[in-house]
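Undergrad: Shown below is the structure under consideration.
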There are 2 protein chains.
Amino acid sequence: MATAAAACCAPLGSASLSDTEAEATARVFKALADPHRVKIVNLLATSPDSVCVCEFTEPLGLSQPTVSHHLKKLVAAGLLEREQRGTWAYYSLRRDALGGLAAAVDLQGGSR
Amino acid sequence: MATAAAACCAPLGSASLSDTEAEATARVFKALADPHRVKIVNLLATSPDSVCVCEFTEPLGLSQPTVSHHLKKLVAAGLLEREQRGTWAYYSLRRDALGGLAAAVDLQGGSR
DNA sequence: ATCTTGGATCGATATTCATCGATGCAGGGA
DNA sequence: TCCCTGCATCGATGAATATCGATCCAAGAT
């Protein structure tokens with residue numbers, strides 16, 4: 001049985017995916033189905049510390065409300081974590097969730 | 001360095017993702033950002049042979065044009081392969097592409 | 001208390017997308 | 001040749017989404 005896959009979504013190679021499982025899996029993919037959100041994840045993946053909202057707007061070339069919108073979607077998908085420090089909001093990558101997604105996509109380890 | 005990641009898209013953990021790379025990666029995720037397409041991939045992943053279009057409509061509960069629409073998106077993303085056999089069109093899973101995606105998502109192997 | 005600043009929410013808008021009926025098209029009989 | 005069948009494309013429609021300006025709220029600082 002897979003280990004981290006349950007932390008994210010059902011593996012693509014599982015015997016028979018229920019409609020609910022397919023929806024849950026699609027929801028995680030949908031969170032990553034935007035270039036800006038891919039870049040957010042990439043920025044967080046390459047940063048050792050959490051990053052505050054104000055540091056995203058410039059590399060993304062987006063307004064602050066739009067950045068908040070994308071961050072909210074990634075948090076809702078379980079891929080990011082939010083932490084408030086005084087006036088600032090810091091976001092960090094949930095690397096276990098990303099690992100779970102990788103396991104769910106991998107047909108070799110995730111299912112068979 | 002990663003091996004199969006290039007066959008799909010740039011890894012999420014790469015040093016610095018360009019806008020073009022982020023778009024390419026998001027495009028693959030977008031192909032899987034639909035419950036019906038997730039189920040199509042799951043059906044193909046659990047089937048040893050390729051599957052013809054007519055076999056998808058019933059388990060998906062979709063009309064034939066809609067199924068063709070989804071299949072076309074998955075082929076365009078490089079995840080499926082199409083083969084014509086007489087009157088029928090058979091689709092199969094490109095398991096190497098899915099493996100490449102898994103490698104791109106995996107922060108351990110894909111980038112570090 | 002007032003001002004400033006960071007960030008979330010709201011409202012509006014333009015674009016993308018999923019879905020299906022109708023149609024077109026190619027291949028295989030009869 | 002004509003019909004039938006499987007599949008792709010077209011056109012239309014309703015829903016979801018990305019984006020931003022304006023606004024609101026909370027937390028410090030003066």
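All residue names refer to the structure tokens as shown: chains lettered A, B, ... in order, residues numbered from 1 in each chain, ligands numbered from 1 in order.
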Set the distance at 8 Å and use only C-alpha atoms (C1' of nucleotides): which residues neighbour region 18-30 of chain D once local chain neighbours fewer than 3 positions away are removed? I'd like the list as a PyMOL selection string.

TA: (chain A and resi 63+65-66+86-87) or (chain C and resi 9-10)

Undergrad: Would you save the residues from that selection as an mmCIF file, in the first residue's frame, using N, CA and C atoms (P, O5', C5', C4', C3', O3' and C1' of nucleotides)?

TA:
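Below is the file that was written, selection-v5.cif:
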data_model
loop_
_atom_site.group_PDB
_atom_site.id
_atom_site.type_symbol
_atom_site.label_atom_id
_atom_site.label_comp_id
_atom_site.auth_asym_id
_atom_site.auth_seq_id
_atom_site.Cartn_x
_atom_site.Cartn_y
_atom_site.Cartn_z
ATOM 1 N N SER A 63 -0.922 41.791 -9.241
ATOM 2 C CA SER A 63 -1.354 42.675 -8.163
ATOM 3 C C SER A 63 -1.487 41.884 -6.862
ATOM 4 N N PRO A 65 -4.058 41.633 -4.665
ATOM 5 C CA PRO A 65 -5.258 40.802 -4.536
ATOM 6 C C PRO A 65 -5.175 39.511 -5.337
ATOM 7 N N THR A 66 -4.596 39.571 -6.512
ATOM 8 C CA THR A 66 -4.485 38.366 -7.336
ATOM 9 C C THR A 66 -3.548 37.355 -6.694
ATOM 10 N N GLY A 86 2.613 38.861 13.077
ATOM 11 C CA GLY A 86 2.333 40.293 13.192
ATOM 12 C C GLY A 86 1.477 40.733 12.032
ATOM 13 N N THR A 87 1.932 41.741 11.324
ATOM 14 C CA THR A 87 1.156 42.255 10.193
ATOM 15 C C THR A 87 1.312 41.387 8.960
ATOM 16 P P DT C 9 -10.287 36.008 2.910
ATOM 17 O "O5'" DT C 9 -11.382 37.059 2.404
ATOM 18 C "C5'" DT C 9 -11.945 37.972 3.328
ATOM 19 C "C4'" DT C 9 -12.803 39.007 2.615
ATOM 20 C "C3'" DT C 9 -13.749 38.446 1.537
ATOM 21 O "O3'" DT C 9 -15.065 38.891 1.809
ATOM 22 C "C1'" DT C 9 -12.532 40.284 0.694
ATOM 23 P P DC C 10 -16.272 38.351 0.897
ATOM 24 O "O5'" DC C 10 -16.585 39.604 -0.037
ATOM 25 C "C5'" DC C 10 -16.480 40.923 0.520
ATOM 26 C "C4'" DC C 10 -16.883 41.972 -0.502
ATOM 27 C "C3'" DC C 10 -17.839 41.485 -1.583
ATOM 28 O "O3'" DC C 10 -18.775 42.502 -1.874
ATOM 29 C "C1'" DC C 10 -15.866 42.290 -2.594
#

Undergrad: Give the strand (DSSP E) residues of chain B, as DSSP finds them on the backbone, and put them as an MDAnalysis selection string.

TA: chainID B and resid 51:52 80:85 88:93

Undergrad: Could you dump the residues just selected with C-alpha atoms as a PDB file, in the first residue's frame?

TA:
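Written out: part-v1.pdb:
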ATOM      1  CA  VAL B  51      -9.171   1.310 -25.149  1.00  0.00           C
ATOM      2  CA  CYS B  52     -11.504   2.522 -27.885  1.00  0.00           C
ATOM      3  CA  LEU B  80      -2.150   9.711 -24.233  1.00  0.00           C
ATOM      4  CA  GLU B  81      -1.501   8.127 -27.592  1.00  0.00           C
ATOM      5  CA  ARG B  82      -4.028   7.641 -30.342  1.00  0.00           C
ATOM      6  CA  GLU B  83      -4.100   4.760 -32.764  1.00  0.00           C
ATOM      7  CA  GLN B  84      -6.604   4.192 -35.540  1.00  0.00           C
ATOM      8  CA  ARG B  85      -7.710   0.654 -36.247  1.00  0.00           C
ATOM      9  CA  TRP B  88     -12.216   2.545 -34.310  1.00  0.00           C
ATOM     10  CA  ALA B  89      -9.855   4.863 -32.495  1.00  0.00           C
ATOM     11  CA  TYR B  90      -7.864   3.329 -29.678  1.00  0.00           C
ATOM     12  CA  TYR B  91      -6.215   5.290 -26.916  1.00  0.00           C
ATOM     13  CA  SER B  92      -3.412   4.212 -24.631  1.00  0.00           C
ATOM     14  CA  LEU B  93      -1.511   5.743 -21.742  1.00  0.00           C
TER      15      LEU B  93
END

Undergrad: Least-squares align chain A to chain B using all Cα atoms paired by position, then dump the moved coordinates as a short mmCIF file (atom, residue, chain, number, x, y, z; two decimals) with C-alpha atoms, in the first residue's frame.

TA:
data_model
loop_
_atom_site.label_atom_id
_atom_site.label_comp_id
_atom_site.auth_asym_id
_atom_site.auth_seq_id
_atom_site.Cartn_x
_atom_site.Cartn_y
_atom_site.Cartn_z
CA MET A 1 20.08 15.72 -13.39
CA ALA A 2 16.65 14.27 -13.77
CA THR A 3 16.07 11.71 -16.45
CA ALA A 4 12.43 11.45 -17.43
CA ALA A 5 11.44 14.92 -16.31
CA ALA A 6 12.49 16.40 -19.62
CA ALA A 7 9.96 14.16 -21.33
CA CYS A 8 7.20 16.04 -19.57
CA CYS A 9 8.01 19.34 -17.97
CA ALA A 10 10.43 21.13 -15.76
CA PRO A 11 10.58 19.92 -12.14
CA LEU A 12 8.83 22.05 -9.54
CA GLY A 13 11.97 22.16 -7.49
CA SER A 14 14.34 23.38 -10.19
CA ALA A 15 16.57 26.30 -9.32
CA SER A 16 14.55 28.93 -11.11
CA LEU A 17 11.60 28.19 -13.32
CA SER A 18 11.23 30.45 -16.36
CA ASP A 19 7.83 31.73 -17.35
CA THR A 20 7.82 29.40 -20.34
CA GLU A 21 8.67 26.40 -18.18
CA ALA A 22 5.98 27.30 -15.68
CA GLU A 23 3.44 27.49 -18.48
CA ALA A 24 4.47 24.12 -19.86
CA THR A 25 4.19 22.52 -16.46
CA ALA A 26 0.83 24.12 -15.80
CA ARG A 27 -0.42 22.86 -19.16
CA VAL A 28 0.14 19.26 -18.11
CA PHE A 29 -1.57 19.81 -14.76
CA LYS A 30 -4.46 21.49 -16.53
CA ALA A 31 -4.95 18.36 -18.60
CA LEU A 32 -5.48 16.43 -15.38
CA ALA A 33 -7.56 19.14 -13.69
CA ASP A 34 -10.87 17.49 -14.53
CA PRO A 35 -12.47 14.52 -12.76
CA HIS A 36 -13.47 12.86 -16.01
CA ARG A 37 -9.98 13.10 -17.43
CA VAL A 38 -8.55 11.73 -14.19
CA LYS A 39 -10.86 8.80 -14.58
CA ILE A 40 -9.84 8.30 -18.19
CA VAL A 41 -6.20 8.11 -17.14
CA ASN A 42 -7.16 5.74 -14.33
CA LEU A 43 -9.07 3.49 -16.71
CA LEU A 44 -6.12 3.38 -19.07
CA ALA A 45 -3.64 2.86 -16.25
CA THR A 46 -5.51 -0.21 -15.06
CA SER A 47 -6.06 -1.62 -18.53
CA PRO A 48 -3.29 -3.65 -20.16
CA ASP A 49 -4.51 -2.87 -23.69
CA SER A 50 -5.54 0.32 -25.40
CA VAL A 51 -9.18 1.29 -25.13
CA CYS A 52 -11.51 2.49 -27.86
CA VAL A 53 -13.64 5.61 -27.51
CA CYS A 54 -16.89 3.72 -27.32
CA GLU A 55 -15.75 2.03 -24.12
CA PHE A 56 -15.38 5.32 -22.26
CA THR A 57 -18.84 6.80 -22.61
CA GLU A 58 -20.60 4.35 -20.33
CA PRO A 59 -18.25 4.41 -17.29
CA LEU A 60 -17.89 8.18 -17.59
CA GLY A 61 -21.56 8.92 -18.15
CA LEU A 62 -20.73 11.41 -20.89
CA SER A 63 -21.77 11.86 -24.48
CA GLN A 64 -19.47 10.76 -27.26
CA PRO A 65 -18.47 14.28 -28.37
CA THR A 66 -17.54 15.18 -24.81
CA VAL A 67 -15.41 12.06 -24.47
CA SER A 68 -13.62 12.91 -27.71
CA HIS A 69 -13.05 16.40 -26.36
CA HIS A 70 -11.37 15.11 -23.22
CA LEU A 71 -9.30 12.55 -25.08
CA LYS A 72 -8.05 15.24 -27.42
CA LYS A 73 -6.90 17.35 -24.50
CA LEU A 74 -5.01 14.47 -22.95
CA VAL A 75 -3.32 13.67 -26.25
CA ALA A 76 -2.39 17.33 -26.71
CA ALA A 77 -0.78 17.27 -23.27
CA GLY A 78 1.31 14.28 -24.32
CA LEU A 79 -0.26 11.94 -21.81
CA LEU A 80 -2.17 9.71 -24.24
CA GLU A 81 -1.50 8.14 -27.59
CA ARG A 82 -4.05 7.64 -30.35
CA GLU A 83 -4.09 4.76 -32.74
CA GLN A 84 -6.59 4.17 -35.51
CA ARG A 85 -7.65 0.60 -36.21
CA GLY A 86 -10.16 0.52 -39.04
CA THR A 87 -13.25 2.39 -37.93
CA TRP A 88 -12.20 2.50 -34.32
CA ALA A 89 -9.85 4.83 -32.49
CA TYR A 90 -7.86 3.31 -29.66
CA TYR A 91 -6.22 5.30 -26.90
CA SER A 92 -3.41 4.21 -24.63
CA LEU A 93 -1.51 5.75 -21.74
CA ARG A 94 1.98 7.14 -22.27
CA ARG A 95 3.38 5.80 -19.05
CA ASP A 96 6.73 7.46 -19.64
CA ALA A 97 5.04 10.87 -19.69
CA LEU A 98 3.24 10.11 -16.45
CA GLY A 99 6.54 8.98 -14.97
CA GLY A 100 8.07 12.25 -16.06
CA LEU A 101 5.33 14.15 -14.33
CA ALA A 102 5.86 12.17 -11.14
CA ALA A 103 9.55 13.02 -11.30
CA ALA A 104 8.77 16.68 -11.85
CA VAL A 105 6.54 16.80 -8.79
CA ASP A 106 8.96 14.89 -6.57
CA LEU A 107 11.17 17.41 -4.82
CA GLN A 108 13.57 14.73 -3.63
CA GLY A 109 14.62 13.10 -6.87
CA GLY A 110 13.51 15.54 -9.52
CA SER A 111 15.58 18.51 -8.52
CA ARG A 112 17.93 18.62 -5.59
#

Undergrad: Compare C:DA30, C:DC3, C:DA22, C:DA8 by their minimum atom-to-atom distance to chain B, counting only C-alpha atoms (C1' of nucleotides), and give me the closest one.

TA: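 Result for the nearest residue to chain B: C:DA22.
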
Undergrad: Near chain B, meaning an atom within 12 Å, which residues of chain D appear when counting only C-alpha atoms (C1' of nucleotides)? Write them as JSON, numbers by chain.

TA: {"D": [4, 5, 6, 7, 8, 9, 10]}

Undergrad: Please save N, CA and C atoms (P, O5', C5', C4', C3', O3' and C1' of nucleotides) of the selected residues as an mmCIF file, in the first residue's frame.

TA:
data_model
loop_
_atom_site.group_PDB
_atom_site.id
_atom_site.type_symbol
_atom_site.label_atom_id
_atom_site.label_comp_id
_atom_site.auth_asym_id
_atom_site.auth_seq_id
_atom_site.Cartn_x
_atom_site.Cartn_y
_atom_site.Cartn_z
ATOM 1 P P DC D 4 -29.457 2.340 -42.888
ATOM 2 O "O5'" DC D 4 -28.358 1.820 -41.870
ATOM 3 C "C5'" DC D 4 -27.736 0.550 -42.093
ATOM 4 C "C4'" DC D 4 -26.417 0.494 -41.327
ATOM 5 C "C3'" DC D 4 -26.433 1.276 -40.006
ATOM 6 O "O3'" DC D 4 -25.904 0.467 -38.977
ATOM 7 C "C1'" DC D 4 -24.587 1.924 -41.312
ATOM 8 P P DT D 5 -26.100 0.884 -37.426
ATOM 9 O "O5'" DT D 5 -24.632 0.751 -36.814
ATOM 10 C "C5'" DT D 5 -23.613 0.070 -37.530
ATOM 11 C "C4'" DT D 5 -22.261 0.683 -37.191
ATOM 12 C "C3'" DT D 5 -22.238 1.497 -35.891
ATOM 13 O "O3'" DT D 5 -21.071 1.204 -35.166
ATOM 14 C "C1'" DT D 5 -21.416 2.795 -37.646
ATOM 15 P P DG D 6 -20.931 1.523 -33.593
ATOM 16 O "O5'" DG D 6 -19.534 2.284 -33.486
ATOM 17 C "C5'" DG D 6 -18.387 1.738 -34.111
ATOM 18 C "C4'" DG D 6 -17.348 2.820 -34.307
ATOM 19 C "C3'" DG D 6 -17.132 3.723 -33.091
ATOM 20 O "O3'" DG D 6 -15.744 3.918 -32.880
ATOM 21 C "C1'" DG D 6 -17.706 5.037 -34.979
ATOM 22 P P DC D 7 -15.229 4.633 -31.548
ATOM 23 O "O5'" DC D 7 -14.878 6.087 -32.078
ATOM 24 C "C5'" DC D 7 -13.952 6.229 -33.153
ATOM 25 C "C4'" DC D 7 -13.984 7.635 -33.699
ATOM 26 C "C3'" DC D 7 -13.836 8.741 -32.651
ATOM 27 O "O3'" DC D 7 -12.677 9.496 -32.930
ATOM 28 C "C1'" DC D 7 -15.552 9.243 -34.205
ATOM 29 P P DA D 8 -12.126 10.596 -31.907
ATOM 30 O "O5'" DA D 8 -12.134 11.907 -32.802
ATOM 31 C "C5'" DA D 8 -11.584 11.855 -34.112
ATOM 32 C "C4'" DA D 8 -12.050 13.048 -34.927
ATOM 33 C "C3'" DA D 8 -11.865 14.398 -34.243
ATOM 34 O "O3'" DA D 8 -11.304 15.328 -35.158
ATOM 35 C "C1'" DA D 8 -14.143 14.115 -34.864
ATOM 36 P P DT D 9 -10.795 16.741 -34.605
ATOM 37 O "O5'" DT D 9 -11.946 17.743 -35.108
ATOM 38 C "C5'" DT D 9 -12.346 17.705 -36.463
ATOM 39 C "C4'" DT D 9 -13.590 18.556 -36.683
ATOM 40 C "C3'" DT D 9 -13.560 19.943 -36.018
ATOM 41 O "O3'" DT D 9 -13.834 20.921 -37.010
ATOM 42 C "C1'" DT D 9 -15.582 18.831 -35.531
ATOM 43 P P DC D 10 -13.733 22.473 -36.610
ATOM 44 O "O5'" DC D 10 -15.264 22.914 -36.532
ATOM 45 C "C5'" DC D 10 -16.192 22.327 -37.444
ATOM 46 C "C4'" DC D 10 -17.584 22.891 -37.214
ATOM 47 C "C3'" DC D 10 -17.617 24.274 -36.570
ATOM 48 O "O3'" DC D 10 -18.655 25.042 -37.158
ATOM 49 C "C1'" DC D 10 -18.798 22.744 -35.218
#

Undergrad: At a cut-off of 10 Å, which residues of chain C touch chain B? Count only C-alpha atoms (C1' of nucleotides) and give the answer as an MDAnalysis selection string.

TA: chainID C and resid 18:21 26:28

Undergrad: Now that the selection is made, can you save its residues with C-alpha atoms (C1' of nucleotides) as a PDB file, in the first residue's frame?

TA:
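Saved the output as again19.pdb:
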ATOM      1  C1'  DA C  18     -17.170  21.582 -20.075  1.00  0.00           C
ATOM      2  C1'  DT C  19     -21.094  19.892 -22.189  1.00  0.00           C
ATOM      3  C1'  DC C  20     -24.202  18.379 -25.786  1.00  0.00           C
ATOM      4  C1'  DG C  21     -26.985  18.211 -30.203  1.00  0.00           C
ATOM      5  C1'  DA C  26     -14.194   7.823 -43.343  1.00  0.00           C
ATOM      6  C1'  DG C  27     -14.323   2.828 -43.353  1.00  0.00           C
ATOM      7  C1'  DG C  28     -16.695  -1.535 -43.881  1.00  0.00           C
TER       8       DG C  28
END

Undergrad: Among region 11-104 of chain B, which ones does DSSP assign to alpha helix (DSSP H) (computed from the backbone)? Answer as number ranges by chain.

TA: B: 19-31, 35-45, 54-60, 64-76, 95-104

Undergrad: For the residues selected in the previous step, produce a file with N, CA and C atoms as a compact mmCIF listing (two decimals), in the first residue's frame.

TA:
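Produced file selection25.txt, reproduced below:
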# COMPACT_ATOMS: atom_id res chain seq x y z
N ASP B 19 9.22 31.64 -17.13
CA ASP B 19 7.78 31.78 -17.39
C ASP B 19 7.32 30.71 -18.38
N THR B 20 8.15 30.45 -19.38
CA THR B 20 7.79 29.44 -20.38
C THR B 20 7.70 28.06 -19.75
N GLU B 21 8.66 27.74 -18.90
CA GLU B 21 8.64 26.44 -18.24
C GLU B 21 7.44 26.30 -17.31
N ALA B 22 7.12 27.37 -16.62
CA ALA B 22 5.96 27.34 -15.72
C ALA B 22 4.69 27.10 -16.51
N GLU B 23 4.60 27.71 -17.67
CA GLU B 23 3.41 27.52 -18.52
C GLU B 23 3.32 26.08 -19.00
N ALA B 24 4.45 25.53 -19.42
CA ALA B 24 4.45 24.15 -19.91
C ALA B 24 4.05 23.19 -18.81
N THR B 25 4.55 23.41 -17.62
CA THR B 25 4.20 22.54 -16.50
C THR B 25 2.73 22.68 -16.16
N ALA B 26 2.24 23.91 -16.13
CA ALA B 26 0.83 24.14 -15.81
C ALA B 26 -0.07 23.49 -16.85
N ARG B 27 0.38 23.45 -18.10
CA ARG B 27 -0.44 22.87 -19.16
C ARG B 27 -0.69 21.39 -18.91
N VAL B 28 0.32 20.70 -18.42
CA VAL B 28 0.15 19.27 -18.12
C VAL B 28 -0.80 19.09 -16.94
N PHE B 29 -0.62 19.91 -15.92
CA PHE B 29 -1.53 19.82 -14.77
C PHE B 29 -2.96 20.13 -15.19
N LYS B 30 -3.11 21.09 -16.09
CA LYS B 30 -4.44 21.48 -16.52
C LYS B 30 -5.14 20.31 -17.23
N ALA B 31 -4.36 19.50 -17.90
CA ALA B 31 -4.93 18.35 -18.59
C ALA B 31 -5.52 17.36 -17.58
N PRO B 35 -12.15 15.85 -13.28
CA PRO B 35 -12.44 14.51 -12.75
C PRO B 35 -12.60 13.46 -13.84
N HIS B 36 -13.23 13.83 -14.93
CA HIS B 36 -13.44 12.86 -15.99
C HIS B 36 -12.13 12.47 -16.65
N ARG B 37 -11.26 13.43 -16.81
CA ARG B 37 -9.95 13.10 -17.41
C ARG B 37 -9.10 12.28 -16.45
N VAL B 38 -9.21 12.55 -15.16
CA VAL B 38 -8.52 11.73 -14.18
C VAL B 38 -9.00 10.29 -14.29
N LYS B 39 -10.29 10.13 -14.47
CA LYS B 39 -10.85 8.78 -14.56
C LYS B 39 -10.42 8.10 -15.86
N ILE B 40 -10.30 8.86 -16.93
CA ILE B 40 -9.82 8.29 -18.18
C ILE B 40 -8.41 7.74 -18.00
N VAL B 41 -7.56 8.53 -17.37
CA VAL B 41 -6.18 8.08 -17.13
C VAL B 41 -6.19 6.85 -16.23
N ASN B 42 -7.06 6.86 -15.23
CA ASN B 42 -7.14 5.72 -14.34
C ASN B 42 -7.60 4.47 -15.07
N LEU B 43 -8.58 4.63 -15.94
CA LEU B 43 -9.06 3.48 -16.72
C LEU B 43 -7.95 2.92 -17.59
N LEU B 44 -7.19 3.82 -18.21
CA LEU B 44 -6.10 3.37 -19.08
C LEU B 44 -4.96 2.77 -18.27
N ALA B 45 -4.73 3.31 -17.09
CA ALA B 45 -3.64 2.82 -16.26
C ALA B 45 -3.90 1.41 -15.78
N CYS B 54 -15.58 4.19 -27.68
CA CYS B 54 -16.92 3.74 -27.30
C CYS B 54 -16.93 3.10 -25.92
N GLU B 55 -15.78 2.68 -25.42
CA GLU B 55 -15.74 2.04 -24.11
C GLU B 55 -15.64 3.04 -22.96
N PHE B 56 -15.49 4.31 -23.31
CA PHE B 56 -15.37 5.32 -22.26
C PHE B 56 -16.71 5.93 -21.87
N THR B 57 -17.59 6.05 -22.84
CA THR B 57 -18.82 6.81 -22.59
C THR B 57 -19.63 6.24 -21.43
N GLU B 58 -19.73 4.94 -21.36
CA GLU B 58 -20.58 4.36 -20.32
C GLU B 58 -20.01 4.56 -18.91
N PRO B 59 -18.75 4.19 -18.64
CA PRO B 59 -18.24 4.39 -17.27
C PRO B 59 -18.12 5.87 -16.90
N LEU B 60 -17.99 6.75 -17.89
CA LEU B 60 -17.87 8.17 -17.56
C LEU B 60 -19.22 8.85 -17.47
N GLN B 64 -20.64 11.07 -26.40
CA GLN B 64 -19.47 10.75 -27.22
C GLN B 64 -18.66 11.99 -27.61
N PRO B 65 -19.28 13.09 -28.02
CA PRO B 65 -18.46 14.27 -28.34
C PRO B 65 -17.66 14.78 -27.14
N THR B 66 -18.25 14.71 -25.96
CA THR B 66 -17.52 15.18 -24.78
C THR B 66 -16.34 14.27 -24.48
N VAL B 67 -16.51 12.98 -24.65
CA VAL B 67 -15.40 12.06 -24.45
C VAL B 67 -14.28 12.36 -25.44
N SER B 68 -14.63 12.58 -26.69
CA SER B 68 -13.62 12.92 -27.69
C SER B 68 -12.88 14.19 -27.31
N HIS B 69 -13.63 15.15 -26.78
CA HIS B 69 -13.04 16.41 -26.34
C HIS B 69 -11.97 16.18 -25.27
N HIS B 70 -12.29 15.37 -24.28
CA HIS B 70 -11.34 15.11 -23.19
C HIS B 70 -10.14 14.33 -23.70
N LEU B 71 -10.39 13.35 -24.54
CA LEU B 71 -9.29 12.56 -25.07
C LEU B 71 -8.33 13.42 -25.87
N LYS B 72 -8.88 14.36 -26.61
CA LYS B 72 -8.03 15.24 -27.40
C LYS B 72 -7.13 16.09 -26.52
N LYS B 73 -7.69 16.55 -25.41
CA LYS B 73 -6.89 17.36 -24.48
C LYS B 73 -5.75 16.55 -23.88
N LEU B 74 -6.04 15.30 -23.56
CA LEU B 74 -5.00 14.47 -22.95
C LEU B 74 -3.92 14.12 -23.96
N VAL B 75 -4.31 13.93 -25.21
CA VAL B 75 -3.32 13.67 -26.25
C VAL B 75 -2.45 14.91 -26.46
N ALA B 76 -3.11 16.07 -26.49
CA ALA B 76 -2.37 17.33 -26.70
C ALA B 76 -1.36 17.57 -25.58
N ARG B 95 2.94 5.94 -20.46
CA ARG B 95 3.39 5.78 -19.07
C ARG B 95 4.70 6.51 -18.82
N ASP B 96 5.50 6.69 -19.85
CA ASP B 96 6.74 7.45 -19.66
C ASP B 96 6.43 8.90 -19.32
N ALA B 97 5.40 9.45 -19.97
CA ALA B 97 5.05 10.84 -19.69
C ALA B 97 4.54 11.01 -18.26
N LEU B 98 3.75 10.03 -17.83
CA LEU B 98 3.26 10.08 -16.46
C LEU B 98 4.41 9.93 -15.47
N GLY B 99 5.36 9.10 -15.81
CA GLY B 99 6.55 8.97 -14.98
C GLY B 99 7.33 10.27 -14.92
N GLY B 100 7.40 10.95 -16.05
CA GLY B 100 8.08 12.24 -16.09
C GLY B 100 7.39 13.26 -15.21
N LEU B 101 6.07 13.21 -15.22
CA LEU B 101 5.33 14.13 -14.37
C LEU B 101 5.59 13.82 -12.89
N ALA B 102 5.59 12.55 -12.56
CA ALA B 102 5.87 12.17 -11.17
C ALA B 102 7.24 12.66 -10.75
N ALA B 103 8.21 12.56 -11.65
CA ALA B 103 9.56 13.03 -11.33
C ALA B 103 9.59 14.54 -11.18
N ALA B 104 8.78 15.23 -11.97
CA ALA B 104 8.75 16.69 -11.90
C ALA B 104 8.13 17.18 -10.60
